[in-house]
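See structure below.
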Amino acid sequence: MLNKTPKSHAIGRDFGLTARMALTLVLLGVAYLALFGLLLIAGINPIIVIVLGIAMVFFQYYMSDKLVLAATKAKVVTEEEQPKLHEMIDRISAAAGIPKPKKIAIMDEDAPNAFATGRNPKNSTVAVTTGLISKLNNDELEAVIGHELAHIKNRDVMVMTWASLIIVIAGYLMQMMFWMSLFGGFGGHRRSGGGQGNAFAIMMLVYVGVILIYFVSQMLIMALSRYREFAADRGGASVTGNPSALASALRKISDQMSLIPEKDLRQVEHANAFFIIPVLKSGFLSSMGASHPPTEKRIQRLLEMENTLRAG
């Protein structure tokens, strides 16, 4: 029955997970400082670059829900169209202590999946696929909704968007310095005077430094994203009081997606980072750059939470 009230349980904080997230943010802070230093060394006005980066991130921050809904072709549904889904999300939102999401949407996709987006709890969106509704039982669907609402409560869209500012800035600098090098902006094509040669060497070092910061920051942000997924699993399981249901849902979603043709999954691949499980799995070499932790590790942690609840 969809009218069952979720039993909220305090599972407790994972201090190891919190420490890893904090360390990742500190390392990102160091990367920001390094990038700022490189801007000064290169003689590039950091204010202009940072303002441009912030403008791009602001656009992404305020438009994220509209952009993802358009990309996934998710249709916003009213309470009259989907009363049971609205009722479930309303109850779990109350249990989580946040407002009901402003928009509830459904994607006409056989692949079972879900996502949450929005700049804050008052302006949030939760979307599920038709495949998720048809393939999960009520407890599993409730658990997935709990996970997505935990993302909203934790303000993960805001955290990840602003954490990604360094990638936006570094990416912009990489492009700018690439074109500068092509058109002689480094001064290296002129041989007269040692000063110009030194300037060229400095700019090349700055260029290499920006590239390194870009890729290191990318890895740090993906690590932070994986930690936020673990935190959303924990938060959702705490709200519903049913970690094993979320573990079962993750298993079903993963198994079902393996049966769907890759060409169909690629149609929604651009929203991979938002889904509860990526539609296309990363290979071994790209696992460090994955936005989600391995499903098996997530299931293992959830079953450990279930054992903790039973023991308590």
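Just remember, in the structure tokens the first chain shown is A, the second B, etc., residues are 1-based per chain, and ligands are 1-based in the order shown.
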When you look at Gln60 (chain A) with a cut-off of 12 Å (counting only C-alpha atoms), what residues show up, excluding the ones that are within fewer than 3 positions of it in the same chain? I need them as a ChimeraX atom specification.
/A:53-57,63-68,117-119,157-158,160-162,164-165,168
Skip Met174 (chain A) itself and residues of its chain fewer than 6 positions away, then list as a VMD selection string all residues within 10 Å of it, counting only C-alpha atoms.
chain A and resid 168 180 206 to 211 214
Go ahead and save the picked residues with C-alpha atoms, as a short mmCIF file (atom, residue, chain, number, x, y, z; two decimals), in the first residue's frame.
data_model
loop_
_atom_site.label_atom_id
_atom_site.label_comp_id
_atom_site.auth_asym_id
_atom_site.auth_seq_id
_atom_site.Cartn_x
_atom_site.Cartn_y
_atom_site.Cartn_z
CA VAL A 168 34.50 26.06 -15.26
CA MET A 180 46.95 32.40 -27.23
CA VAL A 206 51.19 28.23 -16.20
CA TYR A 207 49.39 26.45 -19.06
CA VAL A 208 50.56 23.03 -17.84
CA GLY A 209 49.63 24.01 -14.26
CA VAL A 210 46.10 24.98 -15.30
CA ILE A 211 45.68 21.64 -17.12
CA TYR A 214 41.60 21.04 -14.16
#
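Using only C-alpha atoms, the nearest neighbour of Asp108 (chain A) within the list A:Val128, A:Ile260, A:Ile89, A:Ala42 is A:Val128.
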Return as a PyMOL selection string the full set of residues in region 3-202 of chain A whose backbone-based DSSP assignment is helix (DSSP H, G or I).
chain A and resi 15-42+46-72+83-96+130-135+138-153+156-163+165-182+194-202
As number ranges by chain, list the residues of region 77-124 of chain A assigned to strand (DSSP E) by DSSP on the backbone atoms of this structure.
A: 103-107, 114-120, 123-124
The residue from A:Arg228, A:Ala273, A:Ala245, A:Ser124 with the smallest atom-to-atom distance to Tyr61 (chain A), counting only C-alpha atoms, is A:Ser124
Distance criterion (only C-alpha atoms): nearest to Ile133 (chain A) out of A:Ala249, A:Ile277, A:Ile92, A:Ala150:
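Nearest to Ile133 (chain A): A:Ala249.
The two atoms in question, CA of Glu229 (chain A) and CA of Ile152 (chain A), are spaced 11.8 Å apart.
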